[in-house]
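Structure file structure_18.tsv with TSV, C-alpha atoms:
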```
chain	number	residue	atom	x	y	z
F	1	MET	CA	18.85	5.71	15.78
F	2	LYS	CA	20.53	3.25	13.51
F	3	VAL	CA	19.23	1.63	10.33
F	4	HIS	CA	20.60	-1.77	9.41
F	5	VAL	CA	20.23	-2.90	5.81
F	6	PRO	CA	21.21	-6.58	5.92
F	7	GLU	CA	21.64	-8.45	2.65
F	8	SER	CA	20.45	-11.93	3.61
F	9	VAL	CA	17.87	-13.60	5.82
F	10	ASP	CA	20.66	-14.94	8.06
F	11	GLU	CA	21.94	-11.41	8.59
F	12	VAL	CA	18.42	-10.23	9.44
F	13	VAL	CA	18.00	-13.06	11.95
F	14	ALA	CA	21.30	-12.15	13.61
F	15	LEU	CA	19.99	-8.59	14.09
F	16	LEU	CA	16.50	-9.49	15.34
F	17	ASP	CA	17.37	-8.90	18.98
F	18	THR	CA	18.94	-5.50	18.32
F	19	GLY	CA	16.23	-3.74	16.40
F	20	THR	CA	12.71	-3.57	15.04
F	21	VAL	CA	12.07	-5.19	11.66
F	22	LEU	CA	11.21	-2.59	9.02
F	23	ALA	CA	9.50	-3.69	5.80
F	24	GLY	CA	7.71	-1.05	3.71
F	25	GLY	CA	7.60	1.46	6.56
F	26	THR	CA	4.05	2.55	5.77
F	27	HIS	CA	2.97	1.77	9.32
F	28	LEU	CA	6.22	1.84	11.30
F	29	ILE	CA	7.65	5.09	9.94
F	30	ALA	CA	4.23	6.74	9.65
F	31	ARG	CA	3.35	6.06	13.28
F	32	HIS	CA	6.82	6.96	14.57
F	33	VAL	CA	6.92	3.71	16.48
F	34	PRO	CA	9.81	4.27	18.86
F	35	ALA	CA	12.72	2.19	17.71
F	36	LYS	CA	16.35	2.83	18.43
F	37	GLU	CA	17.45	0.50	15.69
F	38	LEU	CA	15.63	-0.57	12.54
F	39	VAL	CA	16.39	-3.69	10.53
F	40	SER	CA	15.29	-3.12	6.93
F	41	LEU	CA	14.17	-6.09	4.84
F	42	ARG	CA	14.58	-4.23	1.55
F	43	ARG	CA	17.79	-5.99	0.52
F	44	ALA	CA	17.33	-9.27	2.37
F	45	GLY	CA	16.18	-11.17	-0.71
F	46	LEU	CA	12.66	-11.73	0.60
F	47	ALA	CA	10.74	-10.27	-2.36
F	48	GLY	CA	9.23	-12.27	-5.18
F	49	ILE	CA	6.28	-14.41	-6.24
F	50	GLU	CA	6.59	-18.07	-7.23
F	51	ARG	CA	3.97	-20.33	-8.74
F	52	ASP	CA	3.95	-24.10	-8.65
F	53	GLY	CA	0.74	-25.23	-10.31
F	54	ASP	CA	-2.05	-23.61	-8.32
F	55	ARG	CA	0.20	-23.04	-5.30
F	56	ILE	CA	1.47	-19.50	-4.90
F	57	THR	CA	4.33	-18.48	-2.62
F	58	ILE	CA	4.94	-14.80	-1.93
F	59	GLY	CA	8.08	-13.46	-0.25
F	60	ALA	CA	7.42	-11.38	2.87
F	61	ALA	CA	9.01	-8.22	1.45
F	62	THR	CA	7.03	-8.38	-1.80
F	63	THR	CA	5.07	-5.16	-2.25
F	64	LEU	CA	1.28	-5.21	-2.31
F	65	ALA	CA	1.54	-3.50	-5.73
F	66	GLN	CA	3.42	-6.49	-7.14
F	67	VAL	CA	0.85	-8.92	-5.75
F	68	GLY	CA	-1.92	-6.85	-7.34
F	69	ARG	CA	-0.17	-6.95	-10.72
F	70	GLU	CA	0.74	-10.63	-10.72
F	71	VAL	CA	-1.93	-12.51	-8.78
F	72	GLU	CA	-5.08	-11.85	-10.75
F	73	PHE	CA	-7.74	-13.06	-8.31
F	74	LEU	CA	-6.32	-10.77	-5.60
F	75	HIS	CA	-6.18	-7.68	-7.80
F	76	ASP	CA	-9.39	-6.08	-6.55
F	77	ALA	CA	-8.55	-6.78	-2.91
F	78	ILE	CA	-5.13	-5.18	-3.30
F	79	GLU	CA	-6.65	-2.16	-5.05
F	80	SER	CA	-8.92	-1.66	-2.05
F	81	ILE	CA	-5.88	-1.07	0.18
F	82	ALA	CA	-4.54	2.49	0.53
F	83	SER	CA	-3.18	4.18	-2.60
F	84	PRO	CA	-0.67	3.23	-5.35
F	85	SER	CA	2.15	5.18	-3.72
F	86	ILE	CA	1.57	3.28	-0.45
F	87	ARG	CA	1.12	-0.10	-2.17
F	88	ASN	CA	4.48	0.41	-3.87
F	89	LEU	CA	6.05	0.37	-0.40
F	90	ALA	CA	3.75	-1.73	1.81
F	91	THR	CA	4.60	-5.42	1.97
F	92	VAL	CA	2.82	-8.73	2.35
F	93	GLY	CA	4.70	-9.52	5.56
F	94	GLY	CA	4.04	-6.11	7.04
F	95	ASN	CA	0.33	-6.43	6.36
F	96	LEU	CA	0.21	-9.37	8.80
F	97	PHE	CA	1.26	-7.08	11.63
F	98	VAL	CA	-0.63	-3.82	11.05
F	99	PRO	CA	-3.43	-3.16	13.51
F	100	GLN	CA	-7.06	-3.27	12.40
F	101	PRO	CA	-8.87	-1.63	10.65
F	102	HIS	CA	-5.87	-1.97	8.33
F	103	GLY	CA	-4.52	-5.33	7.17
F	104	ASP	CA	-7.05	-6.29	4.50
F	105	PHE	CA	-4.51	-8.55	2.79
F	106	ALA	CA	-4.13	-10.51	6.03
F	107	VAL	CA	-7.92	-11.00	5.92
F	108	CYS	CA	-7.54	-12.47	2.42
F	109	LEU	CA	-4.73	-14.75	3.60
F	110	LEU	CA	-6.91	-15.91	6.50
F	111	ALA	CA	-9.73	-16.78	4.11
F	112	LEU	CA	-7.21	-18.67	1.96
F	113	ASP	CA	-5.95	-20.58	5.01
F	114	ALA	CA	-2.48	-19.42	3.98
F	115	THR	CA	0.67	-20.83	5.52
F	116	VAL	CA	3.02	-18.27	7.07
F	117	HIS	CA	6.66	-19.37	6.89
F	118	LEU	CA	8.87	-18.08	9.71
F	119	ALA	CA	12.64	-17.63	9.60
F	120	ASP	CA	13.07	-20.24	12.34
F	121	GLY	CA	11.59	-22.85	10.01
F	122	ARG	CA	8.14	-23.04	11.58
F	123	GLU	CA	5.02	-22.87	9.44
F	124	VAL	CA	2.09	-21.24	11.21
F	125	GLY	CA	-1.34	-19.83	10.49
F	126	VAL	CA	-1.99	-16.18	9.60
F	127	LEU	CA	-3.00	-15.25	13.15
F	128	ASP	CA	0.12	-16.80	14.66
F	129	ALA	CA	2.69	-14.83	12.66
F	130	GLU	CA	5.56	-13.69	14.90
F	131	GLY	CA	9.24	-12.97	14.66
F	132	LEU	CA	10.54	-12.80	11.11
F	133	VAL	CA	8.12	-13.90	8.39
F	134	THR	CA	9.97	-15.02	5.25
F	135	LYS	CA	7.05	-15.90	2.99
F	136	VAL	CA	3.39	-16.85	2.78
F	137	SER	CA	1.89	-19.57	0.60
F	138	PHE	CA	-1.62	-20.57	-0.41
F	139	THR	CA	-3.56	-22.46	-3.05
F	140	VAL	CA	-5.48	-20.47	-5.64
F	141	PRO	CA	-9.15	-20.99	-4.75
F	142	GLU	CA	-11.75	-22.11	-7.27
F	143	ARG	CA	-14.04	-19.31	-6.14
F	144	TRP	CA	-13.22	-15.99	-4.55
F	145	PHE	CA	-15.38	-13.36	-2.91
F	146	TYR	CA	-14.09	-10.07	-1.55
F	147	ARG	CA	-15.77	-6.92	-0.38
F	148	LYS	CA	-14.55	-3.96	1.61
F	149	ALA	CA	-16.85	-1.27	2.95
F	150	MET	CA	-15.08	2.08	3.24
F	151	ARG	CA	-15.94	5.73	3.88
F	152	ARG	CA	-15.08	6.41	0.24
F	153	ARG	CA	-14.23	4.32	-2.81
F	154	GLN	CA	-10.45	4.72	-2.64
F	155	ASN	CA	-7.76	4.87	-0.02
F	156	SER	CA	-9.68	4.40	3.19
F	157	ALA	CA	-9.40	1.96	6.06
F	158	SER	CA	-11.92	-0.80	6.53
F	159	ILE	CA	-15.35	-0.46	8.07
F	160	VAL	CA	-16.03	-4.10	7.19
F	161	THR	CA	-13.87	-6.38	5.05
F	162	VAL	CA	-15.16	-9.77	3.92
F	163	ALA	CA	-13.01	-12.37	2.13
F	164	SER	CA	-14.16	-15.87	1.27
F	165	ASP	CA	-13.30	-18.81	-0.94
F	166	GLY	CA	-16.90	-20.00	-0.71
F	167	ALA	CA	-16.15	-22.16	2.34
F	168	ARG	CA	-14.04	-20.12	4.75
F	169	ILE	CA	-15.19	-16.61	5.63
F	170	ALA	CA	-12.67	-14.12	7.05
F	171	LEU	CA	-13.59	-10.69	8.37
F	172	GLY	CA	-11.64	-7.50	8.86
F	173	GLY	CA	-12.57	-4.20	10.47
F	174	VAL	CA	-14.87	-5.80	13.01
F	175	ALA	CA	-12.47	-7.09	15.67
F	176	PRO	CA	-9.00	-6.27	17.02
F	177	LYS	CA	-7.57	-8.89	14.63
F	178	PRO	CA	-8.82	-10.49	11.42
F	179	VAL	CA	-11.26	-13.25	12.37
F	180	ARG	CA	-12.84	-16.34	10.83
F	181	ALA	CA	-16.62	-16.36	11.03
F	182	LEU	CA	-16.95	-20.02	11.98
F	183	ALA	CA	-20.69	-20.12	12.69
F	184	ALA	CA	-21.32	-18.34	9.40
F	185	GLU	CA	-19.12	-20.87	7.59
F	186	GLN	CA	-21.32	-23.71	8.89
F	187	ALA	CA	-24.43	-22.02	7.55
F	188	LEU	CA	-22.67	-21.39	4.26
F	189	ALA	CA	-21.71	-25.05	4.02
F	190	ALA	CA	-25.41	-25.82	4.38
F	191	GLY	CA	-26.08	-23.44	1.50
F	192	ASP	CA	-27.83	-20.77	3.56
F	193	ILE	CA	-26.25	-17.42	2.70
F	194	GLU	CA	-28.87	-15.41	4.64
F	195	LYS	CA	-28.15	-17.44	7.77
F	196	ALA	CA	-24.39	-17.12	7.19
F	197	ALA	CA	-24.76	-13.34	6.99
F	198	GLU	CA	-26.82	-13.27	10.17
F	199	LEU	CA	-24.39	-15.50	12.09
F	200	SER	CA	-21.31	-13.53	10.99
F	201	VAL	CA	-21.88	-11.11	13.88
F	202	GLU	CA	-21.00	-13.92	16.30
F	203	ALA	CA	-17.37	-13.50	15.23
F	204	ALA	CA	-17.42	-9.72	15.61
F	205	ASP	CA	-15.91	-7.80	18.49
F	206	PRO	CA	-15.99	-4.36	16.90
F	207	PHE	CA	-14.40	-1.11	17.99
F	208	ASP	CA	-15.08	2.61	17.59
F	209	ASP	CA	-12.69	4.64	15.53
F	210	ALA	CA	-12.68	7.65	13.23
F	211	TYR	CA	-14.10	5.57	10.37
F	212	ALA	CA	-17.12	4.03	12.05
F	213	SER	CA	-18.59	3.19	15.43
F	214	ALA	CA	-18.62	-0.34	16.82
F	215	TRP	CA	-22.43	-0.20	16.66
F	216	TYR	CA	-22.35	0.65	12.96
F	217	ARG	CA	-19.81	-2.04	12.13
F	218	ARG	CA	-21.90	-4.70	13.84
F	219	ARG	CA	-25.06	-3.39	12.22
F	220	VAL	CA	-23.74	-3.47	8.61
F	221	LEU	CA	-21.59	-6.60	8.87
F	222	PRO	CA	-24.35	-9.06	7.83
F	223	VAL	CA	-25.26	-6.82	4.90
F	224	HIS	CA	-21.71	-6.90	3.57
F	225	VAL	CA	-21.28	-10.63	4.19
F	226	ARG	CA	-24.45	-11.27	2.18
F	227	ARG	CA	-23.39	-8.91	-0.59
F	228	ALA	CA	-19.90	-10.43	-0.71
F	229	LEU	CA	-21.18	-13.99	-0.96
F	230	THR	CA	-23.72	-13.11	-3.64
F	231	ASN	CA	-21.29	-10.89	-5.56
F	232	ALA	CA	-23.82	-8.08	-5.22
F	233	SER	CA	-22.54	-4.59	-5.84
U	1	MET	CA	25.81	6.85	15.12
U	2	PRO	CA	27.91	8.34	12.35
U	3	ALA	CA	26.39	9.55	9.11
U	4	SER	CA	26.59	7.23	6.12
U	5	VAL	CA	27.48	7.93	2.54
U	6	ILE	CA	24.48	7.59	0.25
U	7	GLU	CA	24.64	7.40	-3.53
U	8	LEU	CA	21.49	7.97	-5.54
U	9	GLU	CA	20.83	8.67	-9.18
U	10	ILE	CA	18.56	11.68	-8.94
U	11	ASN	CA	16.87	12.97	-12.09
U	12	GLY	CA	19.52	11.20	-14.15
U	13	GLU	CA	22.51	12.57	-12.26
U	14	PRO	CA	24.62	10.62	-9.78
U	15	ARG	CA	24.59	12.31	-6.37
U	16	GLU	CA	26.60	11.38	-3.32
U	17	PHE	CA	25.91	12.81	0.11
U	18	LEU	CA	26.02	12.15	3.84
U	19	ALA	CA	22.86	11.17	5.70
U	20	GLN	CA	22.33	10.94	9.45
U	21	PRO	CA	20.83	7.61	10.55
U	22	GLY	CA	17.08	7.46	9.98
U	23	THR	CA	16.95	10.42	7.57
U	24	THR	CA	14.06	10.04	5.15
U	25	LEU	CA	14.41	10.24	1.39
U	26	LEU	CA	12.25	13.38	1.53
U	27	SER	CA	14.56	15.09	4.04
U	28	SER	CA	17.60	14.18	1.99
U	29	LEU	CA	16.07	15.66	-1.12
U	30	ARG	CA	14.91	18.87	0.52
U	31	ASP	CA	17.42	19.59	3.26
U	32	THR	CA	20.61	18.02	1.93
U	33	LEU	CA	20.28	18.28	-1.83
U	34	GLY	CA	18.17	21.44	-2.09
U	35	LEU	CA	15.52	19.76	-4.25
U	36	THR	CA	12.47	21.34	-2.66
U	37	ALA	CA	9.74	20.41	-5.16
U	38	ALA	CA	8.67	17.45	-3.04
U	39	LYS	CA	6.88	18.87	-0.01
U	40	ARG	CA	6.47	17.72	3.53
U	41	GLY	CA	2.78	17.79	4.32
U	42	CYS	CA	1.82	15.20	6.93
U	43	GLY	CA	5.02	13.19	7.26
U	44	THR	CA	2.93	10.04	7.69
U	45	GLY	CA	2.20	8.96	4.12
U	46	SER	CA	-1.34	10.28	4.26
U	47	CYS	CA	-1.19	13.35	2.01
U	48	GLY	CA	1.05	12.42	-0.94
U	49	THR	CA	2.69	15.79	-1.52
U	50	CYS	CA	6.12	14.14	-1.02
U	51	THR	CA	5.46	11.62	-3.85
U	52	CYS	CA	8.59	10.82	-5.91
U	53	LEU	CA	9.43	8.01	-8.31
U	54	LEU	CA	11.68	5.42	-6.68
U	55	ASP	CA	13.11	3.11	-9.33
U	56	GLY	CA	10.24	4.25	-11.54
U	57	GLU	CA	7.39	3.73	-9.06
U	58	PRO	CA	5.59	6.48	-7.17
U	59	VAL	CA	6.18	6.27	-3.42
U	60	MET	CA	5.70	8.47	-0.38
U	61	SER	CA	9.27	9.69	0.13
U	62	CYS	CA	8.52	10.72	3.73
U	63	LEU	CA	8.22	7.03	4.64
U	64	VAL	CA	11.52	5.83	3.18
U	65	PRO	CA	14.69	5.87	5.32
U	66	VAL	CA	17.25	6.89	2.72
U	67	GLU	CA	19.82	4.32	3.87
U	68	THR	CA	17.47	1.53	2.78
U	69	VAL	CA	17.41	2.73	-0.85
U	70	ASN	CA	21.12	3.46	-1.35
U	71	GLY	CA	21.89	3.06	-5.06
U	72	ALA	CA	18.32	3.65	-6.26
U	73	LYS	CA	17.08	5.88	-9.06
U	74	VAL	CA	14.91	8.75	-7.87
U	75	LYS	CA	12.88	11.16	-9.97
U	76	THR	CA	11.40	14.34	-8.55
U	77	LEU	CA	9.39	17.12	-10.16
U	78	GLU	CA	12.67	18.93	-10.91
U	79	GLY	CA	13.48	16.04	-13.26
U	80	VAL	CA	10.16	16.32	-15.09
U	81	THR	CA	11.03	19.74	-16.53
U	82	GLU	CA	12.83	19.46	-19.90
U	83	PRO	CA	16.65	19.78	-19.77
U	84	ASP	CA	16.44	23.21	-21.48
U	85	GLY	CA	14.17	24.45	-18.69
U	86	SER	CA	10.95	24.36	-20.70
U	87	LEU	CA	7.87	22.74	-19.26
U	88	ALA	CA	6.99	19.10	-19.92
U	89	PRO	CA	3.56	18.36	-21.43
U	90	ILE	CA	2.16	17.41	-18.03
U	91	GLN	CA	3.32	20.70	-16.52
U	92	GLU	CA	1.77	22.61	-19.43
U	93	ALA	CA	-1.46	20.70	-18.97
U	94	PHE	CA	-1.56	21.64	-15.27
U	95	LEU	CA	-0.72	25.26	-16.05
U	96	GLU	CA	-3.20	25.72	-18.86
U	97	GLY	CA	-5.93	23.76	-17.08
U	98	PHE	CA	-5.63	25.88	-13.91
U	99	ALA	CA	-4.96	22.63	-12.04
U	100	THR	CA	-2.47	24.06	-9.56
U	101	GLN	CA	-4.53	26.35	-7.32
U	102	CYS	CA	-2.37	26.85	-4.18
U	103	GLY	CA	0.29	24.54	-5.60
U	104	PHE	CA	1.20	22.62	-2.47
U	105	CYS	CA	-0.07	19.26	-3.74
U	106	THR	CA	1.07	19.84	-7.33
U	107	PRO	CA	4.52	18.20	-7.16
U	108	GLY	CA	3.03	15.04	-5.67
U	109	MET	CA	0.08	15.05	-8.08
U	110	ILE	CA	2.41	15.35	-11.07
U	111	MET	CA	4.72	12.59	-9.81
U	112	ALA	CA	1.75	10.28	-9.16
U	113	ALA	CA	0.59	11.09	-12.70
U	114	GLU	CA	4.09	10.42	-14.09
U	115	GLY	CA	3.97	6.98	-12.48
U	116	LEU	CA	0.57	6.32	-14.04
U	117	LEU	CA	1.41	7.61	-17.53
U	118	ALA	CA	4.69	5.66	-17.68
U	119	GLU	CA	2.74	2.47	-17.06
U	120	ASN	CA	-0.46	3.38	-18.88
U	121	PRO	CA	-0.18	6.09	-21.58
U	122	ASP	CA	-3.90	5.97	-22.32
U	123	PRO	CA	-5.62	6.08	-18.92
U	124	THR	CA	-9.33	6.30	-18.27
U	125	ARG	CA	-10.73	8.83	-15.83
U	126	GLU	CA	-11.10	5.97	-13.32
U	127	ASP	CA	-7.39	5.08	-13.75
U	128	VAL	CA	-6.46	8.70	-13.01
U	129	VAL	CA	-8.66	8.82	-9.92
U	130	ARG	CA	-7.01	5.64	-8.64
U	131	ALA	CA	-3.51	6.94	-9.41
U	132	ILE	CA	-3.97	10.11	-7.36
U	133	SER	CA	-6.02	8.47	-4.60
U	134	GLY	CA	-3.12	8.91	-2.15
U	135	ASN	CA	-2.74	12.61	-2.93
U	136	VAL	CA	-4.73	15.18	-1.04
U	137	CYS	CA	-5.53	18.57	-2.62
U	138	ARG	CA	-6.31	20.91	0.23
U	139	CYS	CA	-8.04	23.28	-2.20
U	140	THR	CA	-10.22	20.28	-3.17
U	141	GLY	CA	-9.53	21.05	-6.83
U	142	TYR	CA	-9.56	17.44	-7.93
U	143	GLU	CA	-11.65	17.89	-11.07
U	144	SER	CA	-9.19	20.24	-12.73
U	145	ILE	CA	-6.29	17.95	-11.73
U	146	ILE	CA	-8.00	14.88	-13.19
U	147	ARG	CA	-8.73	16.80	-16.41
U	148	ALA	CA	-5.12	18.02	-16.59
U	149	ILE	CA	-3.74	14.49	-16.28
U	150	LEU	CA	-6.09	13.23	-19.02
U	151	ASP	CA	-5.05	16.25	-21.12
U	152	ALA	CA	-1.36	15.45	-20.48
U	153	ALA	CA	-1.90	11.91	-21.76
U	154	GLU	CA	-3.33	13.35	-25.00
U	155	ARG	CA	-0.46	15.83	-25.33
U	156	MET	CA	2.13	13.08	-24.78
U	157	LYS	CA	0.52	10.88	-27.42
U	158	LYS	CA	0.78	13.68	-29.96
U	159	ALA	CA	4.35	14.57	-29.02
```
Render the structure in this file as C-alpha cells.
Amino acid sequence: MKVHVPESVDEVVALLDTGTVLAGGTHLIARHVPAKELVSLRRAGLAGIERDGDRITIGAATTLAQVGREVEFLHDAIESIASPSIRNLATVGGNLFVPQPHGDFAVCLLALDATVHLADGREVGVLDAEGLVTKVSFTVPERWFYRKAMRRRQNSASIVTVASDGARIALGGVAPKPVRALAAEQALAAGDIEKAAELSVEAADPFDDAYASAWYRRRVLPVHVRRALTNAS
Amino acid sequence: MPASVIELEINGEPREFLAQPGTTLLSSLRDTLGLTAAKRGCGTGSCGTCTCLLDGEPVMSCLVPVETVNGAKVKTLEGVTEPDGSLAPIQEAFLEGFATQCGFCTPGMIMAAEGLLAENPDPTREDVVRAISGNVCRCTGYESIIRAILDAAERMKKA
C-alpha cells in the first residue's frame, strides 16, 4: 500500500496509471476496494465553487457539505445524502462514480444536463465521466424539483430519487446508473404530469437490495415522480 | 513502503509521529497516539463512533488515510474536556441527562454535537437529529442524546 498526495492536477495525472484515485474515501475506503496505491485528490487544488452569472462550476474535490452550504437550490438534495460527517468528506467528483442506489448528486447533475470536465480537456456528459474529473458545471435552473424516497428520513440510500428542472427528469435508485426518463419528459413537455409519472417506469431497470426490492421500486416510482413534479410532500 | 512522518495539531497540541502507508486517522489516534476516545465500530463510515473534528468539521476518522491530512487540526473527545480536567458543558449535559447508556457511541455523538454547536449555537431539535444522523446508538437511546445536546446548547449560552 502506498498513498500519494500530489499537489497539482498535473501531478495527479502523472500518477493515474500507478494507482486508484481517492477523493473523499467514503466509498473507496469504506468498501476496502483493493488498491495497492491510492492517489489522493485532497491537495490537488480541485476544490471550490465559482459563479459566473447563473453558471456554476464546482471543483471535483469539493465536498458535498460545501455544495449544500453554498448552492441554495441544491441544499435539500445534498441534505438527503448520508450524514453531515460523511458529507464533510464525500466529494462531487466521487459521487459520479459511486454505484447506485448511492449517487443522488449525480442524479441532480444529470437533470441539470451538467458538463463534466475531464483532466484530458474533454467535456462530457454526467454518464460518460471517466478518468480524472476536474470539475462539473451547470446553469442554475429556473425551476427545481427533487425528491428522494428512503427507508427513513435521514442517512439512507435511495429507493427512488427524482430530480427535475421542469423539463429534464433524472432518476436514481431504479437502475444500475442514474437515468433520464425520456418518455416521461415528452409527456411533461405536453403538460401531462400524470402521464409523465406513468411513463417514468419505461426508464427503470430496478434491482433488489437491502433497501427495497426491484418490484417495489418499480411500483412506487410513478408515485414519487408525480409527487416530485407537483411538489407534494 | 516506509512509514511517513505525520504532523497534526491534536486538541491544540502539535504531535509528530510515524504512520505506515494507508493508516487511517482513527488508527493513528488510537494505536499510535493513545487517544482512545474515538472508537472503531464498523470501520466503514456507517456507525459514527469514530467521529472527530477535522479542521473544525465532523468526519468519520475511520475513512481518512492519515497521510492525506498531514498538517491538519484534529479535535477528539479528549480535547473537549476542560484543560483542568473538569467536564465541558456538553459532557455534563450527557452525564446529567443519562444520555450515555453503554457509552460506545458517546464520543462520536459528542463530537458530532460539537460540530453542530460550533456552527449553530441555537439548534432546533430537527437540527440536532440531522447532526447525529450518521451516529448509531446501539442502545437506541436517541431521545436522551437529543435532549442532552439541546441542554448543552442552553448551558453554553449561559456560560
Please produce, as a Markdown table, a per-residue contact table for chain F versus chain U (criterion: any atom at most 8 Å away, all atoms listed in the file considered), showing the nearest atom pair and its distance in Å to one decimal, sorted by chain then residue number.
```
| residue | atom | partner | partner_atom | distance |
| --- | --- | --- | --- | --- |
| F:Met1 | CA | U:Pro21 | CA | 5.9 |
| F:Lys2 | CA | U:Pro21 | CA | 5.3 |
| F:Val3 | CA | U:Pro21 | CA | 6.2 |
| F:Val5 | CA | U:Thr68 | CA | 6.0 |
| F:Gly24 | CA | U:Val64 | CA | 7.9 |
| F:Gly25 | CA | U:Leu63 | CA | 5.9 |
| F:Thr26 | CA | U:Leu63 | CA | 6.2 |
| F:Ile29 | CA | U:Leu63 | CA | 5.7 |
| F:Ala30 | CA | U:Thr44 | CA | 4.1 |
| F:Arg31 | CA | U:Thr44 | CA | 6.9 |
| F:Ser40 | CA | U:Thr68 | CA | 6.6 |
| F:Arg42 | CA | U:Thr68 | CA | 6.6 |
| F:Arg43 | CA | U:Thr68 | CA | 7.9 |
| F:Ala82 | CA | U:Gly134 | CA | 7.1 |
| F:Ser83 | CA | U:Gly134 | CA | 4.8 |
| F:Pro84 | CA | U:Ala131 | CA | 6.2 |
| F:Ser85 | CA | U:Val59 | CA | 4.2 |
| F:Ile86 | CA | U:Val59 | CA | 6.2 |
| F:Asn88 | CA | U:Val59 | CA | 6.1 |
| F:Leu89 | CA | U:Val59 | CA | 6.6 |
| F:Gln154 | CA | U:Ser133 | CA | 6.1 |
| F:Asn155 | CA | U:Ser133 | CA | 6.1 |
```
Would you list the contacts of F:Gly93 as a PyMOL selection string, taking every protein, DNA or RNA residue within 8 Å and counting all atoms listed in the file, but skipping same-chain residues closer than 5 positions in sequence? chain F and resi 23+59-62+133-136
So what do you get for atom CA of F:Gly173 versus atom CA of F:Val160, distance-wise?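 Answer for the atom CA of F:Gly173 to atom CA of F:Val160 separation: 4.8 Å.
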Using all atoms listed in the file, determine which residues lie at most 12 Å from F:Ala204, disregarding the query and same-chain residues fewer than 4 positions distant; provide the list as a PDB file with C-alpha atoms, keeping the file's coordinate frame.
```pdb
ATOM      1  CA  VAL F 160     -16.030  -4.100   7.190  1.00  0.00           C
ATOM      2  CA  THR F 161     -13.870  -6.380   5.050  1.00  0.00           C
ATOM      3  CA  VAL F 162     -15.160  -9.770   3.920  1.00  0.00           C
ATOM      4  CA  ALA F 170     -12.670 -14.120   7.050  1.00  0.00           C
ATOM      5  CA  LEU F 171     -13.590 -10.690   8.370  1.00  0.00           C
ATOM      6  CA  GLY F 172     -11.640  -7.500   8.860  1.00  0.00           C
ATOM      7  CA  GLY F 173     -12.570  -4.200  10.470  1.00  0.00           C
ATOM      8  CA  VAL F 174     -14.870  -5.800  13.010  1.00  0.00           C
ATOM      9  CA  ALA F 175     -12.470  -7.090  15.670  1.00  0.00           C
ATOM     10  CA  PRO F 176      -9.000  -6.270  17.020  1.00  0.00           C
ATOM     11  CA  LYS F 177      -7.570  -8.890  14.630  1.00  0.00           C
ATOM     12  CA  PRO F 178      -8.820 -10.490  11.420  1.00  0.00           C
ATOM     13  CA  VAL F 179     -11.260 -13.250  12.370  1.00  0.00           C
ATOM     14  CA  ARG F 180     -12.840 -16.340  10.830  1.00  0.00           C
ATOM     15  CA  ALA F 181     -16.620 -16.360  11.030  1.00  0.00           C
ATOM     16  CA  LEU F 182     -16.950 -20.020  11.980  1.00  0.00           C
ATOM     17  CA  ALA F 183     -20.690 -20.120  12.690  1.00  0.00           C
ATOM     18  CA  ALA F 184     -21.320 -18.340   9.400  1.00  0.00           C
ATOM     19  CA  ALA F 197     -24.760 -13.340   6.990  1.00  0.00           C
ATOM     20  CA  GLU F 198     -26.820 -13.270  10.170  1.00  0.00           C
ATOM     21  CA  LEU F 199     -24.390 -15.500  12.090  1.00  0.00           C
ATOM     22  CA  SER F 200     -21.310 -13.530  10.990  1.00  0.00           C
ATOM     23  CA  ALA F 214     -18.620  -0.340  16.820  1.00  0.00           C
ATOM     24  CA  TRP F 215     -22.430  -0.200  16.660  1.00  0.00           C
ATOM     25  CA  TYR F 216     -22.350   0.650  12.960  1.00  0.00           C
ATOM     26  CA  ARG F 217     -19.810  -2.040  12.130  1.00  0.00           C
ATOM     27  CA  ARG F 218     -21.900  -4.700  13.840  1.00  0.00           C
ATOM     28  CA  ARG F 219     -25.060  -3.390  12.220  1.00  0.00           C
ATOM     29  CA  VAL F 220     -23.740  -3.470   8.610  1.00  0.00           C
ATOM     30  CA  LEU F 221     -21.590  -6.600   8.870  1.00  0.00           C
ATOM     31  CA  PRO F 222     -24.350  -9.060   7.830  1.00  0.00           C
TER      32      PRO F 222
END
```
Just to confirm, what's the straight-line distance from atom CA of F:Pro99 to atom CA of F:His27 in Å (one decimal)?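 Calculated distance between atom CA of F:Pro99 and atom CA of F:His27 is 9.1 Å.
Taking atom CA of U:Phe98 and atom CA of U:Ala37 as endpoints, the distance between them is 18.5 Å.
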Using all atoms listed in the file, which of the listed residues (U:Glu82, U:Asp55, U:Asp31, U:Glu143) sits closest to U:Arg125?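 Answer, going by the shortest atom-to-atom distance: U:Glu143.
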Name the residues in contact with F:Val116 at a cut-off of 12 Å, using only C-alpha atoms, excluding same-chain residues fewer than 6 positions from it; report them as a short mmCIF file (atom, residue, chain, number, x, y, z; two decimals) with C-alpha atoms, in the frame of the given file.
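So selection_31.cif came out as:
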```
data_model
loop_
_atom_site.label_atom_id
_atom_site.label_comp_id
_atom_site.auth_asym_id
_atom_site.auth_seq_id
_atom_site.Cartn_x
_atom_site.Cartn_y
_atom_site.Cartn_z
CA THR F 57 4.33 -18.48 -2.62
CA ILE F 58 4.94 -14.80 -1.93
CA GLY F 59 8.08 -13.46 -0.25
CA ALA F 60 7.42 -11.38 2.87
CA VAL F 92 2.82 -8.73 2.35
CA GLY F 93 4.70 -9.52 5.56
CA LEU F 96 0.21 -9.37 8.80
CA ALA F 106 -4.13 -10.51 6.03
CA LEU F 109 -4.73 -14.75 3.60
CA LEU F 110 -6.91 -15.91 6.50
CA ARG F 122 8.14 -23.04 11.58
CA GLU F 123 5.02 -22.87 9.44
CA VAL F 124 2.09 -21.24 11.21
CA GLY F 125 -1.34 -19.83 10.49
CA VAL F 126 -1.99 -16.18 9.60
CA LEU F 127 -3.00 -15.25 13.15
CA ASP F 128 0.12 -16.80 14.66
CA ALA F 129 2.69 -14.83 12.66
CA GLU F 130 5.56 -13.69 14.90
CA GLY F 131 9.24 -12.97 14.66
CA LEU F 132 10.54 -12.80 11.11
CA VAL F 133 8.12 -13.90 8.39
CA THR F 134 9.97 -15.02 5.25
CA LYS F 135 7.05 -15.90 2.99
CA VAL F 136 3.39 -16.85 2.78
CA SER F 137 1.89 -19.57 0.60
CA PHE F 138 -1.62 -20.57 -0.41
#
```
